[in-house]
file my_file_7.cif (mmCIF, C-alpha atoms)
data_final
loop_
_atom_site.label_atom_id
_atom_site.label_comp_id
_atom_site.auth_asym_id
_atom_site.auth_seq_id
_atom_site.Cartn_x
_atom_site.Cartn_y
_atom_site.Cartn_z
CA MET A 1 -20.47 10.98 18.10
CA GLU A 2 -20.50 11.39 21.85
CA GLU A 3 -21.49 7.73 22.29
CA LEU A 4 -18.38 6.46 20.50
CA LEU A 5 -15.67 7.94 22.64
CA PRO A 6 -16.69 6.57 26.06
CA LEU A 7 -16.09 3.12 24.59
CA GLN A 8 -12.73 4.32 23.35
CA SER A 9 -11.68 5.94 26.60
CA HIS A 10 -11.50 2.95 28.93
CA ALA A 11 -11.43 -0.59 27.56
CA ALA A 12 -12.55 -3.21 30.08
CA GLU A 13 -9.15 -4.86 30.00
CA ALA A 14 -6.31 -2.64 28.89
CA LEU A 15 -4.20 -4.09 26.08
CA GLN A 16 -0.42 -3.98 26.07
CA PRO A 17 2.00 -3.82 23.11
CA PHE A 18 2.17 -7.18 21.33
CA ASP A 19 -0.57 -8.53 23.59
CA GLU A 20 -1.23 -12.25 23.00
CA ARG A 21 -4.97 -11.52 22.96
CA VAL A 22 -4.52 -9.23 19.96
CA ILE A 23 -2.38 -11.78 18.12
CA ALA A 24 -5.04 -14.44 18.73
CA PHE A 25 -7.81 -12.10 17.58
CA LEU A 26 -6.00 -11.25 14.33
CA ASP A 27 -5.37 -14.95 13.73
CA ARG A 28 -9.10 -15.65 14.13
CA LEU A 29 -9.82 -12.89 11.60
CA SER A 30 -7.27 -14.49 9.28
CA HIS A 31 -9.02 -17.85 9.42
CA ALA A 32 -12.42 -16.24 8.86
CA VAL A 33 -11.23 -14.24 5.81
CA LEU A 34 -9.45 -17.21 4.24
CA LYS A 35 -12.48 -19.43 4.85
CA ASP A 36 -14.94 -17.07 3.17
CA PRO A 37 -15.39 -18.17 -0.48
CA SER A 38 -16.27 -14.68 -1.70
CA LEU A 39 -13.05 -13.19 -0.23
CA ASN A 40 -10.41 -15.90 -0.54
CA ARG A 41 -10.61 -15.90 -4.35
CA ILE A 42 -9.70 -12.19 -4.55
CA ALA A 43 -5.97 -11.53 -4.39
CA GLU A 44 -5.98 -8.48 -2.10
CA PHE A 45 -8.34 -10.07 0.44
CA ALA A 46 -6.49 -13.39 0.39
CA SER A 47 -3.25 -11.48 0.95
CA LEU A 48 -4.83 -9.75 3.95
CA GLY A 49 -5.88 -13.12 5.35
CA PHE A 50 -2.35 -14.52 5.08
CA TRP A 51 -0.86 -11.32 6.54
CA LEU A 52 -3.04 -11.58 9.66
CA ARG A 53 -1.89 -15.13 10.48
CA LYS A 54 -0.23 -15.70 13.84
CA ALA A 55 2.92 -16.99 12.12
CA ASN A 56 3.35 -13.73 10.21
CA ILE A 57 2.53 -11.46 13.16
CA SER A 58 4.88 -13.42 15.43
CA LYS A 59 7.68 -12.80 12.96
CA TYR A 60 7.02 -9.06 13.15
CA VAL A 61 6.99 -9.20 16.95
CA ASN A 62 10.40 -10.89 16.94
CA GLU A 63 11.76 -8.26 14.57
CA ASN A 64 10.64 -5.51 16.97
CA ASN A 65 11.88 -6.95 20.23
CA HIS A 66 13.60 -3.63 20.93
CA LEU A 67 10.18 -2.30 21.95
CA ILE A 68 9.56 -4.86 24.68
CA GLN A 69 13.06 -5.87 25.75
CA ASN A 70 14.83 -2.66 26.65
CA LYS A 71 16.09 -1.83 30.13
CA ASN A 72 15.94 1.93 29.52
CA PHE A 73 12.26 2.31 28.64
CA VAL A 74 8.87 0.66 28.87
CA THR A 75 6.68 0.68 25.77
CA ALA A 76 3.02 1.66 26.26
CA PRO A 77 0.03 2.23 23.95
CA ALA A 78 -0.23 5.71 22.44
CA GLY A 79 -3.95 5.86 23.37
CA ILE A 80 -6.68 6.73 20.88
CA VAL A 81 -5.69 6.49 17.21
CA PHE A 82 -7.83 8.15 14.52
CA HIS A 83 -7.22 6.47 11.15
CA VAL A 84 -8.22 8.40 8.01
CA CYS A 85 -8.21 5.53 5.54
CA PRO A 86 -7.66 5.76 1.77
CA SER A 87 -10.36 5.22 -0.84
CA ASN A 88 -8.09 3.62 -3.45
CA VAL A 89 -7.13 0.45 -1.52
CA ASP A 90 -10.06 -1.44 0.03
CA THR A 91 -8.05 -3.39 2.60
CA MET A 92 -5.61 -0.73 3.83
CA PHE A 93 -7.77 0.14 6.84
CA MET A 94 -7.24 -3.39 8.21
CA TYR A 95 -3.45 -3.16 8.05
CA SER A 96 -3.54 0.22 9.77
CA LEU A 97 -5.90 -1.14 12.43
CA ALA A 98 -3.88 -4.32 13.00
CA ILE A 99 -0.59 -2.47 13.59
CA SER A 100 -2.28 -0.08 16.00
CA LEU A 101 -4.08 -2.88 17.88
CA LEU A 102 -0.77 -4.70 18.23
CA MET A 103 0.51 -1.66 20.09
CA GLY A 104 -2.52 -1.85 22.40
CA ASN A 105 -4.33 1.24 21.07
CA ARG A 106 -8.02 2.05 20.83
CA ASN A 107 -9.05 2.90 17.30
CA LEU A 108 -11.40 5.15 15.35
CA LEU A 109 -11.36 4.40 11.63
CA ARG A 110 -12.96 6.54 8.93
CA VAL A 111 -13.44 4.34 5.86
CA SER A 112 -14.36 6.17 2.67
CA GLY A 113 -17.94 5.78 1.50
CA ARG A 114 -16.67 6.04 -2.08
CA GLN A 115 -15.33 2.51 -2.01
CA GLY A 116 -18.74 0.83 -2.19
CA SER A 117 -17.21 -2.62 -2.81
CA PRO A 118 -19.50 -5.59 -2.08
CA HIS A 119 -16.39 -7.48 -1.03
CA LEU A 120 -15.65 -4.77 1.51
CA ASP A 121 -19.16 -5.20 2.91
CA THR A 122 -18.45 -8.91 3.21
CA LEU A 123 -15.22 -8.16 5.08
CA PHE A 124 -17.16 -5.96 7.54
CA ASP A 125 -19.61 -8.83 8.07
CA VAL A 126 -16.71 -11.20 8.75
CA ILE A 127 -15.15 -8.77 11.26
CA ASN A 128 -18.49 -8.30 13.06
CA THR A 129 -19.08 -12.06 13.21
CA VAL A 130 -15.66 -12.70 14.74
CA MET A 131 -16.07 -9.85 17.24
CA ARG A 132 -19.39 -11.26 18.46
CA ASN A 133 -17.62 -14.33 19.83
CA GLU A 134 -17.23 -14.20 23.61
CA GLU A 135 -13.40 -14.31 23.54
CA ASN A 136 -13.31 -11.29 21.21
CA LYS A 137 -15.84 -8.98 22.89
CA LEU A 138 -13.01 -6.92 24.39
CA PHE A 139 -12.21 -5.65 20.90
CA SER A 140 -15.62 -4.01 20.48
CA GLU A 141 -14.28 -1.48 22.98
CA CYS A 142 -11.10 -0.95 20.95
CA ILE A 143 -12.46 -0.66 17.41
CA SER A 144 -15.00 1.74 15.86
CA ILE A 145 -15.26 1.76 12.06
CA PHE A 146 -17.52 4.32 10.38
CA THR A 147 -18.16 6.24 7.19
CA TYR A 148 -19.05 9.88 6.72
CA GLU A 149 -18.73 12.37 3.90
CA HIS A 150 -16.24 15.24 4.20
CA ASP A 151 -17.43 16.94 7.37
CA HIS A 152 -15.18 19.40 9.19
CA ASP A 153 -17.12 19.17 12.47
CA ILE A 154 -16.95 15.39 12.68
CA SER A 155 -13.28 15.28 11.71
CA SER A 156 -12.53 18.01 14.24
CA PHE A 157 -14.32 16.11 17.00
CA PHE A 158 -12.34 12.93 16.42
CA SER A 159 -9.08 14.82 15.88
CA LEU A 160 -9.45 16.69 19.15
CA HIS A 161 -9.81 13.44 21.10
CA ALA A 162 -7.03 11.54 19.30
CA ASN A 163 -3.54 10.94 20.62
CA VAL A 164 -2.42 9.97 17.12
CA ARG A 165 -3.87 10.56 13.65
CA VAL A 166 -2.89 8.23 10.81
CA ILE A 167 -3.71 10.04 7.56
CA TRP A 168 -3.57 7.84 4.47
CA GLY A 169 -5.39 10.03 1.96
CA GLY A 170 -2.52 11.70 0.11
CA ASP A 171 -1.50 15.36 -0.22
CA SER A 172 -4.98 16.87 -0.47
CA THR A 173 -6.32 14.95 2.54
CA ILE A 174 -3.24 15.81 4.58
CA GLU A 175 -3.73 19.49 3.75
CA VAL A 176 -7.34 19.36 4.96
CA PHE A 177 -6.51 17.61 8.23
CA LYS A 178 -3.48 19.78 8.98
CA LYS A 179 -5.89 22.74 9.19
CA ILE A 180 -7.97 21.03 11.89
CA PRO A 181 -6.98 22.02 15.45
CA VAL A 182 -5.62 19.21 17.62
CA SER A 183 -4.14 18.84 21.07
CA PRO A 184 -0.55 20.16 21.22
CA ARG A 185 0.77 16.63 21.80
CA THR A 186 -1.30 14.92 19.11
CA LYS A 187 0.98 13.09 16.70
CA ASP A 188 0.31 12.91 12.96
CA ILE A 189 1.58 10.05 10.79
CA VAL A 190 0.95 11.10 7.21
CA PHE A 191 1.15 9.28 3.91
CA ALA A 192 1.59 11.70 1.04
CA ASP A 193 1.08 11.18 -2.69
CA ARG A 194 3.64 8.70 -4.00
CA VAL A 195 4.74 7.18 -7.29
CA SER A 196 6.21 3.72 -7.91
CA TYR A 197 8.28 2.12 -10.66
CA ALA A 198 8.98 -1.33 -12.08
CA LEU A 199 12.53 -2.17 -13.14
CA PHE A 200 13.48 -5.01 -15.51
CA MET A 201 16.97 -6.17 -16.47
CA SER A 202 16.26 -7.08 -20.08
CA LYS A 203 19.16 -9.50 -20.57
CA GLU A 204 18.09 -11.51 -17.52
CA TYR A 205 14.54 -11.59 -18.88
CA ALA A 206 15.73 -13.12 -22.15
CA LEU A 207 17.21 -16.04 -20.21
CA LEU A 208 13.86 -17.01 -18.67
CA SER A 209 11.91 -20.05 -19.82
CA GLU A 210 8.50 -19.59 -21.43
CA GLU A 211 6.92 -20.54 -18.10
CA GLY A 212 9.12 -18.03 -16.29
CA LYS A 213 8.17 -15.21 -18.64
CA ASN A 214 4.48 -15.98 -18.29
CA GLY A 215 4.81 -16.16 -14.51
CA LEU A 216 6.53 -12.77 -14.45
CA ALA A 217 3.68 -11.26 -16.50
CA HIS A 218 1.17 -12.64 -13.98
CA SER A 219 3.16 -11.23 -11.06
CA PHE A 220 3.36 -7.82 -12.71
CA TYR A 221 -0.37 -7.94 -13.38
CA ASN A 222 -1.05 -8.54 -9.68
CA ASP A 223 1.18 -5.59 -8.74
CA SER A 224 -0.44 -3.25 -11.24
CA TYR A 225 -4.08 -4.08 -11.81
CA SER A 226 -5.39 -5.12 -8.37
CA PHE A 227 -6.48 -1.54 -7.59
CA ASN A 228 -6.74 -0.31 -11.19
CA GLN A 229 -3.12 0.81 -10.85
CA LYS A 230 -4.10 3.49 -8.32
CA GLY A 231 -2.42 2.06 -5.21
CA CYS A 232 0.64 4.05 -4.13
CA SER A 233 2.90 1.01 -4.64
CA CYS A 234 1.43 0.03 -8.03
CA PRO A 235 4.01 0.73 -10.77
CA GLN A 236 3.14 3.57 -13.12
CA THR A 237 6.43 3.56 -15.02
CA ILE A 238 8.47 0.66 -16.39
CA PHE A 239 12.24 1.03 -16.71
CA THR A 240 14.20 -1.46 -18.78
CA VAL A 241 17.96 -1.74 -18.28
CA GLY A 242 20.27 -3.19 -20.93
CA SER A 243 21.40 -2.81 -24.51
CA LYS A 244 19.08 -1.18 -27.02
CA ALA A 245 18.42 -4.53 -28.71
CA ASP A 246 17.72 -6.35 -25.43
CA ASN A 247 15.41 -3.59 -24.20
CA GLU A 248 13.41 -3.52 -27.44
CA ALA A 249 13.07 -7.30 -27.41
CA PHE A 250 11.87 -7.21 -23.81
CA GLU A 251 9.25 -4.53 -24.50
CA LYS A 252 7.66 -6.41 -27.42
CA ASN A 253 7.72 -9.79 -25.70
CA PHE A 254 6.54 -8.59 -22.30
CA TYR A 255 3.76 -6.45 -23.76
CA GLU A 256 2.21 -9.43 -25.51
CA ARG A 257 2.47 -11.69 -22.47
CA LEU A 258 0.99 -9.04 -20.18
CA LYS A 259 -1.81 -8.42 -22.68
CA ASN A 260 -2.66 -12.13 -22.65
CA VAL A 261 -3.00 -12.04 -18.87
CA VAL A 262 -5.01 -8.82 -18.81
CA VAL A 263 -7.49 -9.98 -21.46
CA LYS A 264 -8.30 -13.03 -19.34
CA LYS A 265 -8.32 -11.47 -15.88
CA TYR A 266 -9.01 -7.72 -15.95
CA ASP A 267 -12.63 -6.86 -15.27
CA ALA A 268 -13.12 -3.13 -15.69
CA ASP A 269 -15.15 -0.49 -17.53
CA ILE A 270 -13.06 -0.64 -20.71
CA MET A 271 -14.84 2.20 -22.52
CA SER A 272 -14.44 4.67 -19.66
CA LEU A 273 -10.78 3.72 -19.29
CA ALA A 274 -10.25 4.12 -23.04
CA SER A 275 -11.54 7.71 -22.89
CA LEU A 276 -9.44 8.46 -19.82
CA LYS A 277 -6.28 7.11 -21.43
CA LEU A 278 -6.90 8.88 -24.73
CA ASN A 279 -7.20 12.22 -22.96
CA ARG A 280 -4.08 11.59 -20.89
CA LEU A 281 -2.04 10.51 -23.92
CA ALA A 282 -3.20 13.56 -25.88
CA ASP A 283 -2.15 15.85 -23.04
CA ASP A 284 1.20 14.06 -22.67
CA ALA A 285 1.93 14.24 -26.39
CA THR A 286 1.03 17.93 -26.52
CA ALA A 287 3.34 18.60 -23.57
CA GLY A 288 6.20 16.70 -25.22
CA LYS A 289 6.23 14.11 -22.46
CA ILE A 290 5.90 11.02 -24.66
CA SER A 291 7.07 10.11 -28.14
CA GLN A 292 5.57 6.71 -28.94
CA VAL A 293 2.64 4.53 -27.85
CA MET A 294 2.28 0.75 -27.88
CA ASP A 295 -1.42 -0.14 -27.52
CA SER A 296 -2.63 -3.07 -29.61
CA ASP A 297 -5.12 -3.60 -26.75
CA ASN A 298 -6.40 -0.59 -24.83
CA ARG A 299 -6.23 -2.47 -21.55
CA VAL A 300 -2.42 -2.35 -21.78
CA VAL A 301 -0.77 0.84 -23.04
CA PHE A 302 2.99 1.54 -23.03
CA ALA A 303 3.87 5.20 -23.64
CA ARG A 304 7.55 5.99 -24.18
CA LEU A 305 8.90 8.81 -21.99
CA ASN A 306 11.08 11.54 -23.44
CA ASP A 307 14.24 12.89 -21.79
CA GLY A 308 13.52 15.01 -18.74
CA ALA A 309 9.83 14.06 -18.58
CA ASP A 310 7.97 13.50 -15.33
CA ALA A 311 7.69 9.74 -14.75
CA SER A 312 4.68 9.99 -12.45
CA GLY A 313 0.98 10.57 -12.79
CA THR A 314 -0.56 8.08 -15.21
CA CYS A 315 -4.34 7.81 -15.13
CA GLY A 316 -4.11 4.15 -14.15
CA GLY A 317 -6.15 1.29 -15.56
CA GLY A 318 -3.20 -0.14 -17.50
CA LEU A 319 -1.42 2.95 -18.84
CA PHE A 320 2.32 2.61 -18.21
CA TYR A 321 5.09 4.99 -19.09
CA ILE A 322 8.18 3.15 -20.29
CA ARG A 323 11.80 4.20 -20.53
CA SER A 324 14.89 2.36 -21.74
CA LEU A 325 18.14 2.76 -19.78
CA GLU A 326 21.66 1.59 -20.63
CA ASN A 327 22.73 0.93 -17.06
CA LEU A 328 21.34 0.95 -13.54
CA ALA A 329 22.98 4.24 -12.58
CA ASP A 330 20.85 5.99 -15.25
CA LEU A 331 17.81 5.38 -13.06
CA LEU A 332 19.02 7.96 -10.56
CA SER A 333 18.00 10.89 -12.74
CA TRP A 334 14.39 9.63 -12.37
CA ILE A 335 14.51 9.24 -8.59
CA HIS A 336 12.98 11.93 -6.34
CA PRO A 337 11.46 12.02 -2.83
CA LYS A 338 7.99 10.98 -4.02
CA VAL A 339 9.27 7.63 -5.31
CA GLN A 340 7.99 4.98 -2.92
CA THR A 341 8.42 1.47 -4.37
CA VAL A 342 10.73 0.10 -7.03
CA SER A 343 9.69 -3.46 -7.85
CA TYR A 344 12.37 -5.27 -9.80
CA PHE A 345 13.31 -8.29 -11.85
CA GLY A 346 16.84 -9.44 -12.55
CA LEU A 347 18.74 -7.43 -9.96
CA LYS A 348 21.51 -9.24 -8.13
CA GLN A 349 22.18 -8.56 -4.45
CA ASP A 350 25.13 -6.33 -5.31
CA ASP A 351 22.90 -4.34 -7.68
CA ILE A 352 20.34 -3.81 -4.90
CA HIS A 353 22.99 -2.60 -2.45
CA GLU A 354 24.42 -0.28 -5.09
CA LEU A 355 21.01 1.18 -5.91
CA VAL A 356 20.27 1.73 -2.21
CA LYS A 357 23.62 3.48 -1.82
CA LEU A 358 23.27 5.65 -4.92
CA SER A 359 19.68 6.71 -4.11
CA SER A 360 20.36 7.56 -0.48
CA GLY A 361 18.80 10.95 0.29
CA LYS A 362 17.11 11.07 -3.12
CA GLY A 363 14.16 8.70 -2.80
CA ILE A 364 12.97 5.05 -2.88
CA ASP A 365 11.44 3.71 0.33
CA ARG A 366 11.00 0.13 -0.85
CA LEU A 367 12.86 -2.27 -3.15
CA VAL A 368 10.89 -5.49 -3.69
CA PRO A 369 10.74 -8.25 -6.33
CA ILE A 370 8.07 -8.02 -9.03
CA GLY A 371 4.91 -9.55 -7.54
CA LYS A 372 5.56 -8.15 -4.05
CA ALA A 373 4.73 -4.48 -4.65
CA LEU A 374 1.41 -4.65 -2.78
CA ASP A 375 2.63 -6.74 0.15
CA PHE A 376 2.07 -4.59 3.23
CA HIS A 377 4.84 -4.30 5.79
CA TYR A 378 5.18 -2.45 9.09
CA LEU A 379 8.01 -0.52 7.43
CA TRP A 380 6.04 1.79 5.13
CA ASP A 381 6.96 5.13 3.57
CA GLY A 382 10.02 5.31 5.80
CA TYR A 383 8.08 4.74 9.05
CA ASN A 384 8.39 1.80 11.42
CA LEU A 385 4.70 1.88 12.29
CA PHE A 386 5.15 -0.10 15.51
CA ASP A 387 7.58 2.54 16.73
CA GLU A 388 5.26 5.36 15.66
CA LEU A 389 2.10 4.01 17.28
CA CYS A 390 3.36 3.69 20.84
CA ILE A 391 5.05 5.76 23.51
CA LYS A 392 8.24 4.97 25.41
CA ARG A 393 8.33 5.70 29.13
CA SER A 394 11.80 6.19 30.51
CA VAL A 395 12.72 4.00 33.48
CA ILE A 396 16.39 4.97 33.82
#

call {"tool": "encode", "arguments": {"input": "my_file_7.cif", "output": "structure tokens"}}
result
Amino acid sequence: MEELLPLQSHAAEALQPFDERVIAFLDRLSHAVLKDPSLNRIAEFASLGFWLRKANISKYVNENNHLIQNKNFVTAPAGIVFHVCPSNVDTMFMYSLAISLLMGNRNLLRVSGRQGSPHLDTLFDVINTVMRNEENKLFSECISIFTYEHDHDISSFFSLHANVRVIWGGDSTIEVFKKIPVSPRTKDIVFADRVSYALFMSKEYALLSEEGKNGLAHSFYNDSYSFNQKGCSCPQTIFTVGSKADNEAFEKNFYERLKNVVVKKYDADIMSLASLKLNRLADDATAGKISQVMDSDNRVVFARLNDGADASGTCGGGLFYIRSLENLADLLSWIHPKVQTVSYFGLKQDDIHELVKLSSGKGIDRLVPIGKALDFHYLWDGYNLFDELCIKRSVI
């Protein structure tokens, strides 16, 4: 452990917020990821590659000009950032790293050993290959990625030397790390357990062409199944809004179209998931949480929620709670502070503004179209991560 931190304590050439060298480095990573045939065919890795492009990063820089064009303060790197990365989303560590690098920070990243994805190993190989190039050698002094099992001493060592900790692991991980002593000025950015919904306006769905309905099923599949439905922004509950007849028609039609997509594309341990879902449905039925199940194929299960039931906490793998609503305002009784993303179809701009207004102070951090639920953004869980991962030095 002692060998890691000297590298982190004084990079050969100090980086500055939105440093052109970082933008160029991320763009080189983008090209390498998108060029790799074993990564570019997988949606989440291809999305990462596109996200890292210079064109995308430059857009983010322009949107955060307040950090570098302000006469009252100068923005500087926060220092050493210790990232505790999640095990349920393979690529999240790269987004966390990229945002921090763009603020000029030096980074320690703990990546869970439970992931064990061969594609993740390929991504590490790609990163190492890019970093071995002469123009990128600076970044070997800004990035250390490692894996270790739950070890209080190791976590304490890194925590004690960190200026900022970014803790992605959910409530239980946050609880563990909050008990570890840190410097009085160490800042924690925490990402708690969240739940996400999908919202469909059933009358608008009925107006779609056959191609449009199939495309929507594919988009919903990408939102839901990429991480076996365990990503914090993957929808666990589907809300339909409209008349009883329109909602029922939507449910039957959409179920069949989604099933057709899942049968062709979903590669998972079906038997293990079947057992998991059966146990969850039995528990839910016993608790009076659900009243009906639609499951002609076990890879797609819709379970109807009863009044007052908790809309969170499916076991994933294609088990969705579903609830029919008469109007958009009825959704508010299901909104609470743990609701992160509502991905939607059929909302007009006025509907979106109304939902934002009505849910203010109640929940919902993100409202995005169906198909965009997993798109990472520097605005996440209510944080502007660029703002959080830097310091402002007053020059008044």

call {"tool": "closest_residue", "arguments": {"input": "my_file_7.cif", "among": "A:Val89, A:Ile189, A:Leu347, A:Leu67", "to": "Asn228 (chain A)", "atoms": "all atoms listed in the file"}}
result
A:Val89

call {"tool": "atom_distance", "arguments": {"input": "my_file_7.cif", "atom1": "CA of His66 (chain A)", "atom2": "CA of Lys392 (chain A)"}}
result
11.1 Å

call {"tool": "residues_around", "arguments": {"input": "my_file_7.cif", "residues": "region 198-213 of chain A", "least_positions_apart": "2", "cutoff": "10 Å", "atoms": "all atoms listed in the file", "output": "CSV table (one decimal) with C-alpha atoms, in the frame of the given file"}}
result
chain,number,residue,atom,x,y,z
A,196,SER,CA,6.2,3.7,-7.9
A,215,GLY,CA,4.8,-16.2,-14.5
A,216,LEU,CA,6.5,-12.8,-14.4
A,217,ALA,CA,3.7,-11.3,-16.5
A,218,HIS,CA,1.2,-12.6,-14.0
A,219,SER,CA,3.2,-11.2,-11.1
A,220,PHE,CA,3.4,-7.8,-12.7
A,223,ASP,CA,1.2,-5.6,-8.7
A,224,SER,CA,-0.4,-3.2,-11.2
A,233,SER,CA,2.9,1.0,-4.6
A,234,CYS,CA,1.4,0.0,-8.0
A,235,PRO,CA,4.0,0.7,-10.8
A,236,GLN,CA,3.1,3.6,-13.1
A,237,THR,CA,6.4,3.6,-15.0
A,238,ILE,CA,8.5,0.7,-16.4
A,239,PHE,CA,12.2,1.0,-16.7
A,240,THR,CA,14.2,-1.5,-18.8
A,241,VAL,CA,18.0,-1.7,-18.3
A,242,GLY,CA,20.3,-3.2,-20.9
A,243,SER,CA,21.4,-2.8,-24.5
A,244,LYS,CA,19.1,-1.2,-27.0
A,245,ALA,CA,18.4,-4.5,-28.7
A,246,ASP,CA,17.7,-6.4,-25.4
A,247,ASN,CA,15.4,-3.6,-24.2
A,248,GLU,CA,13.4,-3.5,-27.4
A,249,ALA,CA,13.1,-7.3,-27.4
A,250,PHE,CA,11.9,-7.2,-23.8
A,251,GLU,CA,9.2,-4.5,-24.5
A,253,ASN,CA,7.7,-9.8,-25.7
A,254,PHE,CA,6.5,-8.6,-22.3
A,257,ARG,CA,2.5,-11.7,-22.5
A,258,LEU,CA,1.0,-9.0,-20.2
A,320,PHE,CA,2.3,2.6,-18.2
A,322,ILE,CA,8.2,3.2,-20.3
A,323,ARG,CA,11.8,4.2,-20.5
A,324,SER,CA,14.9,2.4,-21.7
A,325,LEU,CA,18.1,2.8,-19.8
A,326,GLU,CA,21.7,1.6,-20.6
A,327,ASN,CA,22.7,0.9,-17.1
A,328,LEU,CA,21.3,1.0,-13.5
A,331,LEU,CA,17.8,5.4,-13.1
A,341,THR,CA,8.4,1.5,-4.4
A,342,VAL,CA,10.7,0.1,-7.0
A,343,SER,CA,9.7,-3.5,-7.8
A,344,TYR,CA,12.4,-5.3,-9.8
A,345,PHE,CA,13.3,-8.3,-11.8
A,346,GLY,CA,16.8,-9.4,-12.6
A,347,LEU,CA,18.7,-7.4,-10.0
A,348,LYS,CA,21.5,-9.2,-8.1
A,367,LEU,CA,12.9,-2.3,-3.2
A,368,VAL,CA,10.9,-5.5,-3.7
A,369,PRO,CA,10.7,-8.2,-6.3
A,370,ILE,CA,8.1,-8.0,-9.0
A,373,ALA,CA,4.7,-4.5,-4.6

call {"tool": "closest_residue", "arguments": {"input": "my_file_7.cif", "among": "A:Ile42, A:Val339, A:Leu109, A:Leu281", "to": "Leu319 (chain A)", "atoms": "all atoms listed in the file"}}
result
A:Leu281

call {"tool": "residues_around", "arguments": {"input": "my_file_7.cif", "residues": "Leu29 (chain A)", "least_positions_apart": "5", "cutoff": "12 Å", "atoms": "only C-alpha atoms", "output": "MDAnalysis selection string"}}
result
chainID A and resid 22:24 34:36 45:46 48:54 94 98 123:133 136

call {"tool": "atom_distance", "arguments": {"input": "my_file_7.cif", "atom1": "CA of Val190 (chain A)", "atom2": "CA of Trp168 (chain A)"}}
result
6.2 Å

call {"tool": "residues_around", "arguments": {"input": "my_file_7.cif", "residues": "Gly113 (chain A)", "least_positions_apart": "6", "cutoff": "8 Å", "atoms": "only C-alpha atoms", "output": "list in words"}}
result
Ser87, Thr147, Tyr148 and Glu149 of chain A

call {"tool": "closest_residue", "arguments": {"input": "my_file_7.cif", "among": "A:Lys187, A:Pro86, A:Leu138, A:Arg21", "to": "Cys390 (chain A)", "atoms": "all atoms listed in the file"}}
result
A:Lys187

call {"tool": "atom_distance", "arguments": {"input": "my_file_7.cif", "atom1": "CA of Lys178 (chain A)", "atom2": "CA of Thr91 (chain A)"}}
result
24.5 Å

call {"tool": "residues_around", "arguments": {"input": "my_file_7.cif", "residues": "region 68-77 of chain A", "least_positions_apart": "5", "cutoff": "8 Å", "atoms": "all atoms listed in the file", "output": "PyMOL selection string"}}
result
chain A and resi 15-17+103-105+389-396
